[in-house]
file my_file-v9.pdb (PDB, C-alpha atoms, pLDDT in the B column)
MODEL        1
ATOM      1  CA  MET O  24      75.733 269.107  34.512  1.00 49.00           C
ATOM      2  CA  LYS O  25      78.976 267.272  33.759  1.00 50.00           C
ATOM      3  CA  LYS O  26      77.905 264.358  35.969  1.00 47.00           C
ATOM      4  CA  PHE O  27      74.568 264.197  34.143  1.00 40.00           C
ATOM      5  CA  LEU O  28      76.224 264.199  30.712  1.00 42.00           C
ATOM      6  CA  SER O  29      78.667 261.527  31.902  1.00 51.00           C
ATOM      7  CA  LEU O  30      75.786 259.377  33.133  1.00 40.00           C
ATOM      8  CA  VAL O  31      73.947 259.769  29.804  1.00 40.00           C
ATOM      9  CA  ALA O  32      77.126 258.799  27.924  1.00 46.00           C
ATOM     10  CA  VAL O  33      77.562 255.695  30.107  1.00 45.00           C
ATOM     11  CA  ILE O  34      73.934 254.658  29.537  1.00 41.00           C
ATOM     12  CA  ILE O  35      74.214 255.158  25.782  1.00 42.00           C
ATOM     13  CA  MET O  36      77.490 253.222  25.573  1.00 46.00           C
ATOM     14  CA  THR O  37      76.072 250.435  27.725  1.00 43.00           C
ATOM     15  CA  GLY O  38      73.125 250.140  25.347  1.00 42.00           C
ATOM     16  CA  VAL O  39      75.320 250.223  22.261  1.00 43.00           C
ATOM     17  CA  TYR O  40      77.730 247.598  23.578  1.00 44.00           C
ATOM     18  CA  ALA O  41      75.152 245.573  25.474  1.00 42.00           C
ATOM     19  CA  GLN O  42      76.195 242.347  23.766  1.00 51.00           C
ATOM     20  CA  GLN O  43      79.920 241.859  23.706  1.00 62.00           C
ATOM     21  CA  GLY O  44      81.640 238.540  23.176  1.00 77.00           C
ATOM     22  CA  PHE O  45      85.253 237.450  23.360  1.00 92.00           C
ATOM     23  CA  GLY O  46      86.145 234.162  21.750  1.00 95.00           C
ATOM     24  CA  ILE O  47      88.750 231.837  20.312  1.00 97.00           C
ATOM     25  CA  LYS O  48      88.695 229.942  17.028  1.00 97.00           C
ATOM     26  CA  ALA O  49      90.747 227.457  15.054  1.00 98.00           C
ATOM     27  CA  GLY O  50      90.378 225.479  11.884  1.00 98.00           C
ATOM     28  CA  LEU O  51      91.549 224.510   8.414  1.00 98.00           C
ATOM     29  CA  THR O  52      92.728 226.876   5.700  1.00 97.00           C
ATOM     30  CA  TYR O  53      92.770 225.896   2.029  1.00 95.00           C
ATOM     31  CA  ASN O  54      94.857 227.927  -0.421  1.00 94.00           C
ATOM     32  CA  ALA O  55      93.042 227.958  -3.772  1.00 93.00           C
ATOM     33  CA  ASP O  56      95.819 229.929  -5.516  1.00 91.00           C
ATOM     34  CA  ASP O  57      98.414 227.823  -7.345  1.00 89.00           C
ATOM     35  CA  GLY O  58     101.044 230.552  -7.450  1.00 91.00           C
ATOM     36  CA  LEU O  59     103.778 231.038 -10.029  1.00 89.00           C
ATOM     37  CA  ILE O  60     107.525 230.413 -10.125  1.00 87.00           C
ATOM     38  CA  LYS O  61     109.828 232.445 -12.388  1.00 86.00           C
ATOM     39  CA  SER O  62     113.547 232.109 -13.046  1.00 80.00           C
ATOM     40  CA  ALA O  63     115.796 235.159 -12.808  1.00 73.00           C
ATOM     41  CA  ASN O  64     115.960 235.610 -16.581  1.00 71.00           C
ATOM     42  CA  SER O  65     112.263 234.684 -17.054  1.00 69.00           C
ATOM     43  CA  ALA O  66     113.279 231.744 -19.229  1.00 72.00           C
ATOM     44  CA  TYR O  67     111.415 229.401 -16.904  1.00 79.00           C
ATOM     45  CA  GLN O  68     107.897 230.040 -15.654  1.00 85.00           C
ATOM     46  CA  ALA O  69     105.396 227.537 -14.288  1.00 87.00           C
ATOM     47  CA  LYS O  70     102.361 227.293 -12.056  1.00 91.00           C
ATOM     48  CA  GLY O  71     102.542 225.681  -8.655  1.00 91.00           C
ATOM     49  CA  GLU O  72      99.874 223.965  -6.598  1.00 92.00           C
ATOM     50  CA  GLY O  73      97.860 225.233  -3.624  1.00 90.00           C
ATOM     51  CA  SER O  74      97.579 223.267  -0.419  1.00 90.00           C
ATOM     52  CA  ALA O  75      95.796 223.050   2.933  1.00 91.00           C
ATOM     53  CA  GLY O  76      96.991 224.640   6.164  1.00 96.00           C
ATOM     54  CA  TYR O  77      95.522 225.886   9.414  1.00 98.00           C
ATOM     55  CA  HIS O  78      94.695 228.983  11.441  1.00 98.00           C
ATOM     56  CA  LEU O  79      94.317 229.974  15.102  1.00 98.00           C
ATOM     57  CA  GLY O  80      92.770 233.161  16.384  1.00 97.00           C
ATOM     58  CA  VAL O  81      90.885 235.294  18.862  1.00 97.00           C
ATOM     59  CA  TYR O  82      88.002 237.699  18.293  1.00 96.00           C
ATOM     60  CA  LYS O  83      85.883 240.328  19.993  1.00 95.00           C
ATOM     61  CA  ARG O  84      82.275 240.944  18.933  1.00 91.00           C
ATOM     62  CA  LEU O  85      80.736 244.377  19.560  1.00 92.00           C
ATOM     63  CA  SER O  86      76.993 244.293  18.898  1.00 88.00           C
ATOM     64  CA  PHE O  87      74.878 247.253  17.857  1.00 84.00           C
ATOM     65  CA  THR O  88      71.184 247.335  16.977  1.00 82.00           C
ATOM     66  CA  GLY O  89      70.891 244.651  14.304  1.00 85.00           C
ATOM     67  CA  LEU O  90      74.599 244.720  13.403  1.00 93.00           C
ATOM     68  CA  TYR O  91      77.945 243.855  14.949  1.00 94.00           C
ATOM     69  CA  VAL O  92      81.598 244.702  14.404  1.00 96.00           C
ATOM     70  CA  GLN O  93      84.067 241.867  14.937  1.00 96.00           C
ATOM     71  CA  PRO O  94      87.832 242.558  14.978  1.00 97.00           C
ATOM     72  CA  GLU O  95      90.023 239.448  15.057  1.00 97.00           C
ATOM     73  CA  LEU O  96      93.668 238.425  15.323  1.00 98.00           C
ATOM     74  CA  TRP O  97      94.763 235.252  13.487  1.00 97.00           C
ATOM     75  CA  TYR O  98      97.887 233.219  12.903  1.00 98.00           C
ATOM     76  CA  VAL O  99      97.624 231.602   9.438  1.00 97.00           C
ATOM     77  CA  ASN O 100      99.888 228.923   7.946  1.00 96.00           C
ATOM     78  CA  PHE O 101      99.595 227.500   4.399  1.00 95.00           C
ATOM     79  CA  LYS O 102     101.834 226.546   1.485  1.00 92.00           C
ATOM     80  CA  ASN O 103     102.376 226.262  -2.255  1.00 92.00           C
ATOM     81  CA  THR O 104     104.200 223.423  -4.011  1.00 92.00           C
ATOM     82  CA  TYR O 105     106.413 224.152  -7.058  1.00 89.00           C
ATOM     83  CA  LYS O 106     108.775 222.369  -9.447  1.00 84.00           C
ATOM     84  CA  ASP O 107     112.084 223.898 -10.491  1.00 76.00           C
ATOM     85  CA  THR O 108     113.748 223.732 -13.899  1.00 74.00           C
ATOM     86  CA  SER O 109     114.945 220.198 -13.124  1.00 77.00           C
ATOM     87  CA  ALA O 110     111.415 219.069 -12.186  1.00 81.00           C
ATOM     88  CA  ARG O 111     112.407 218.782  -8.520  1.00 82.00           C
ATOM     89  CA  GLU O 112     109.488 219.499  -6.205  1.00 88.00           C
ATOM     90  CA  PHE O 113     109.706 221.895  -3.260  1.00 86.00           C
ATOM     91  CA  ASP O 114     107.317 223.663  -0.894  1.00 90.00           C
ATOM     92  CA  VAL O 115     107.055 227.308   0.089  1.00 90.00           C
ATOM     93  CA  GLN O 116     105.530 227.563   3.566  1.00 91.00           C
ATOM     94  CA  ILE O 117     103.789 230.883   4.187  1.00 92.00           C
ATOM     95  CA  LYS O 118     103.181 232.235   7.684  1.00 95.00           C
ATOM     96  CA  ARG O 119     101.256 235.409   8.313  1.00 96.00           C
ATOM     97  CA  ILE O 120      99.339 237.385  10.939  1.00 97.00           C
ATOM     98  CA  ASP O 121      95.847 238.454   9.855  1.00 97.00           C
ATOM     99  CA  VAL O 122      93.675 241.194  11.312  1.00 97.00           C
ATOM    100  CA  PRO O 123      90.178 240.768   9.819  1.00 97.00           C
ATOM    101  CA  VAL O 124      87.569 243.377  10.747  1.00 97.00           C
ATOM    102  CA  SER O 125      84.040 242.197   9.935  1.00 97.00           C
ATOM    103  CA  LEU O 126      80.702 243.935   9.797  1.00 97.00           C
ATOM    104  CA  GLY O 127      77.964 241.358  10.273  1.00 96.00           C
ATOM    105  CA  THR O 128      74.353 240.680  11.075  1.00 95.00           C
ATOM    106  CA  ASN O 129      72.400 237.779  12.535  1.00 92.00           C
ATOM    107  CA  VAL O 130      70.090 235.706  10.328  1.00 92.00           C
ATOM    108  CA  LEU O 131      67.172 233.546  11.521  1.00 89.00           C
ATOM    109  CA  GLY O 132      68.312 233.558  15.125  1.00 85.00           C
ATOM    110  CA  ILE O 133      71.244 231.135  14.811  1.00 91.00           C
ATOM    111  CA  GLY O 134      72.985 232.165  11.601  1.00 95.00           C
ATOM    112  CA  TYR O 135      75.069 235.177  10.626  1.00 95.00           C
ATOM    113  CA  VAL O 136      76.763 236.733   7.608  1.00 97.00           C
ATOM    114  CA  GLN O 137      79.787 239.027   7.680  1.00 97.00           C
ATOM    115  CA  ALA O 138      82.241 240.845   5.421  1.00 98.00           C
ATOM    116  CA  GLY O 139      85.092 243.322   5.672  1.00 98.00           C
ATOM    117  CA  PRO O 140      88.802 244.004   5.111  1.00 98.00           C
ATOM    118  CA  VAL O 141      91.735 241.775   6.102  1.00 97.00           C
ATOM    119  CA  PHE O 142      95.111 243.302   6.960  1.00 96.00           C
ATOM    120  CA  SER O 143      97.949 240.766   6.624  1.00 96.00           C
ATOM    121  CA  TYR O 144     101.568 240.769   7.767  1.00 96.00           C
ATOM    122  CA  TYR O 145     103.721 238.089   6.124  1.00 94.00           C
ATOM    123  CA  PHE O 146     106.479 237.509   8.651  1.00 89.00           C
ATOM    124  CA  GLN O 147     108.155 234.380   7.317  1.00 80.00           C
ATOM    125  CA  ASP O 148     108.277 232.508   4.019  1.00 86.00           C
ATOM    126  CA  GLU O 149     110.162 229.217   4.277  1.00 86.00           C
ATOM    127  CA  ILE O 150     111.431 226.984   1.490  1.00 83.00           C
ATOM    128  CA  ASP O 151     112.600 223.367   1.688  1.00 81.00           C
ATOM    129  CA  MET O 152     115.540 223.905  -0.642  1.00 77.00           C
ATOM    130  CA  ASN O 153     119.265 223.860   0.094  1.00 72.00           C
ATOM    131  CA  GLN O 154     121.650 226.811  -0.248  1.00 69.00           C
ATOM    132  CA  VAL O 155     119.053 229.568  -0.037  1.00 76.00           C
ATOM    133  CA  SER O 156     121.053 232.394   1.496  1.00 65.00           C
ATOM    134  CA  ASP O 157     118.633 235.310   1.369  1.00 74.00           C
ATOM    135  CA  ILE O 158     114.929 236.046   1.022  1.00 79.00           C
ATOM    136  CA  LYS O 159     113.250 239.276  -0.062  1.00 82.00           C
ATOM    137  CA  GLN O 160     109.490 239.229   0.356  1.00 84.00           C
ATOM    138  CA  ASP O 161     106.472 241.516   0.322  1.00 84.00           C
ATOM    139  CA  ASP O 162     105.452 241.862   3.971  1.00 90.00           C
ATOM    140  CA  ILE O 163     102.177 243.800   4.050  1.00 93.00           C
ATOM    141  CA  ALA O 164      98.957 243.038   2.146  1.00 94.00           C
ATOM    142  CA  LEU O 165      95.330 244.101   2.141  1.00 96.00           C
ATOM    143  CA  GLY O 166      92.456 241.796   1.256  1.00 96.00           C
ATOM    144  CA  LEU O 167      88.720 241.381   1.543  1.00 97.00           C
ATOM    145  CA  GLN O 168      86.744 238.615   3.220  1.00 97.00           C
ATOM    146  CA  ILE O 169      83.176 237.394   3.214  1.00 98.00           C
ATOM    147  CA  GLY O 170      81.711 234.628   5.338  1.00 97.00           C
ATOM    148  CA  ALA O 171      78.744 233.000   7.027  1.00 97.00           C
ATOM    149  CA  GLY O 172      78.225 230.776  10.017  1.00 96.00           C
ATOM    150  CA  VAL O 173      76.001 229.445  12.756  1.00 96.00           C
ATOM    151  CA  GLN O 174      76.072 230.155  16.495  1.00 92.00           C
ATOM    152  CA  LEU O 175      74.740 227.589  18.987  1.00 93.00           C
ATOM    153  CA  GLN O 176      75.104 229.011  22.482  1.00 90.00           C
ATOM    154  CA  GLN O 177      78.855 229.442  23.046  1.00 92.00           C
ATOM    155  CA  PHE O 178      79.892 227.391  20.004  1.00 95.00           C
ATOM    156  CA  SER O 179      80.122 228.590  16.391  1.00 95.00           C
ATOM    157  CA  ALA O 180      81.042 227.191  12.998  1.00 97.00           C
ATOM    158  CA  ASN O 181      82.149 229.578  10.263  1.00 96.00           C
ATOM    159  CA  LEU O 182      83.104 229.383   6.583  1.00 98.00           C
ATOM    160  CA  ARG O 183      85.008 232.377   5.262  1.00 97.00           C
ATOM    161  CA  TYR O 184      86.634 233.224   1.945  1.00 98.00           C
ATOM    162  CA  ASP O 185      89.312 235.890   1.738  1.00 95.00           C
ATOM    163  CA  PHE O 186      91.106 237.195  -1.306  1.00 94.00           C
ATOM    164  CA  PRO O 187      93.866 239.780  -1.793  1.00 93.00           C
ATOM    165  CA  MET O 188      93.735 243.180  -3.466  1.00 92.00           C
ATOM    166  CA  GLY O 189      96.942 242.395  -5.356  1.00 89.00           C
ATOM    167  CA  LYS O 190      99.802 239.935  -5.857  1.00 89.00           C
ATOM    168  CA  ARG O 191     102.823 239.402  -3.637  1.00 89.00           C
ATOM    169  CA  SER O 192     106.228 238.060  -4.583  1.00 87.00           C
ATOM    170  CA  THR O 193     109.224 236.531  -2.839  1.00 87.00           C
ATOM    171  CA  GLU O 194     112.730 236.589  -4.288  1.00 84.00           C
ATOM    172  CA  TRP O 195     114.964 233.652  -3.372  1.00 81.00           C
ATOM    173  CA  VAL O 196     118.747 233.974  -3.513  1.00 82.00           C
ATOM    174  CA  GLN O 197     121.037 230.970  -3.902  1.00 72.00           C
ATOM    175  CA  ASN O 198     124.816 231.179  -3.618  1.00 69.00           C
ATOM    176  CA  SER O 199     124.752 234.998  -3.446  1.00 64.00           C
ATOM    177  CA  ASN O 200     123.114 235.256  -6.851  1.00 65.00           C
ATOM    178  CA  TYR O 201     119.473 236.150  -7.477  1.00 62.00           C
ATOM    179  CA  ASN O 202     117.997 232.904  -8.673  1.00 78.00           C
ATOM    180  CA  PHE O 203     114.199 232.903  -8.913  1.00 82.00           C
ATOM    181  CA  GLN O 204     111.003 234.330  -7.479  1.00 84.00           C
ATOM    182  CA  THR O 205     107.633 232.957  -6.473  1.00 87.00           C
ATOM    183  CA  GLU O 206     104.506 235.005  -7.017  1.00 88.00           C
ATOM    184  CA  SER O 207     101.156 234.387  -5.389  1.00 89.00           C
ATOM    185  CA  SER O 208      97.728 235.858  -4.883  1.00 91.00           C
ATOM    186  CA  PRO O 209      96.443 233.764  -1.944  1.00 92.00           C
ATOM    187  CA  LYS O 210      92.741 232.999  -2.154  1.00 95.00           C
ATOM    188  CA  LEU O 211      91.981 231.330   1.153  1.00 97.00           C
ATOM    189  CA  LEU O 212      88.987 229.348   2.310  1.00 97.00           C
ATOM    190  CA  HIS O 213      88.810 229.091   6.110  1.00 98.00           C
ATOM    191  CA  LEU O 214      86.658 226.601   7.992  1.00 98.00           C
ATOM    192  CA  SER O 215      86.603 227.520  11.703  1.00 97.00           C
ATOM    193  CA  ILE O 216      85.190 226.245  14.954  1.00 97.00           C
ATOM    194  CA  GLY O 217      84.876 228.884  17.670  1.00 96.00           C
ATOM    195  CA  TYR O 218      83.997 229.257  21.327  1.00 96.00           C
ATOM    196  CA  SER O 219      82.709 232.446  22.980  1.00 93.00           C
ATOM    197  CA  PHE O 220      83.298 233.253  26.645  1.00 90.00           C
TER     198      PHE O 220
ENDMDL
END

call {"tool": "encode", "arguments": {"input": "my_file-v9.pdb", "output": "structure tokens"}}
result
Amino acid sequence: MKKFLSLVAVIIMTGVYAQQGFGIKAGLTYNADDGLIKSANSAYQAKGEGSAGYHLGVYKRLSFTGLYVQPELWYVNFKNTYKDTSAREFDVQIKRIDVPVSLGTNVLGIGYVQAGPVFSYYFQDEIDMNQVSDIKQDDIALGLQIGAGVQLQQFSANLRYDFPMGKRSTEWVQNSNYNFQTESSPKLLHLSIGYSF
């Protein structure tokens, strides 16, 4: 009886996961959020400017009847540009690891739409400014993403928009004194090219 139940389970799982695909993707990331810079005493506050970056990733597609689940692992790099109180311009480079998990469906044979949560780990904010001795940043964030694309044999092209569930801030310390903070709510547009094995 146990062997029979095991065989039934294997057959069911084989049917459920009949179409599985592993792939890689890369592309451009545009940060549509300008961000905000604030001085320690809030006397100075100004918007920044979003900028383009890039992403690299891998994914696994698990297909069900009419739907699929697609977990992914991405490295994402983008930046914001700010001006300080002296009108000097500097960049804040943001590096994070994303884990998007999409629920999707195929459309018209070659297209697909997908949506789901994005879990982000911000592991390094960098600033091109001298005498920054310490950084305190928000590390973990949760967002949502929605996207669409086309699949032509092993190749795919995808456009995805992801946005956060809240804001994140980074405090920058100069000369052992808290100096200013940058605040952002990254709204990212990703254009990807992928290849499935």

call {"tool": "closest_residue", "arguments": {"input": "my_file-v9.pdb", "among": "O:Gly80, O:Gly73, O:Gly166, O:Gly44", "to": "Val115 of chain O", "atoms": "all atoms listed in the file"}}
result
O:Gly73

call {"tool": "resolve_selection", "arguments": {"input": "my_file-v9.pdb", "expression": "the PyMOL selection byres ((chain O and resi 53-62) around 7)", "output": "PyMOL selection string"}}
result
chain O and resi 51-52+63-76+101+103+202-213

call {"tool": "atom_distance", "arguments": {"input": "my_file-v9.pdb", "atom1": "atom CA of Phe45 of chain O", "atom2": "atom CA of Leu214 of chain O"}}
result
18.9 Å

call {"tool": "atom_distance", "arguments": {"input": "my_file-v9.pdb", "atom1": "atom CA of Lys159 of chain O", "atom2": "atom CA of Leu79 of chain O"}}
result
26.0 Å

call {"tool": "atom_distance", "arguments": {"input": "my_file-v9.pdb", "atom1": "atom CA of Asp121 of chain O", "atom2": "atom CA of Arg191 of chain O"}}
result
15.2 Å

call {"tool": "closest_residue", "arguments": {"input": "my_file-v9.pdb", "among": "O:Asp161, O:Glu149, O:Glu194, O:Asp185", "to": "Val122 of chain O", "atoms": "only C-alpha atoms"}}
result
O:Asp185
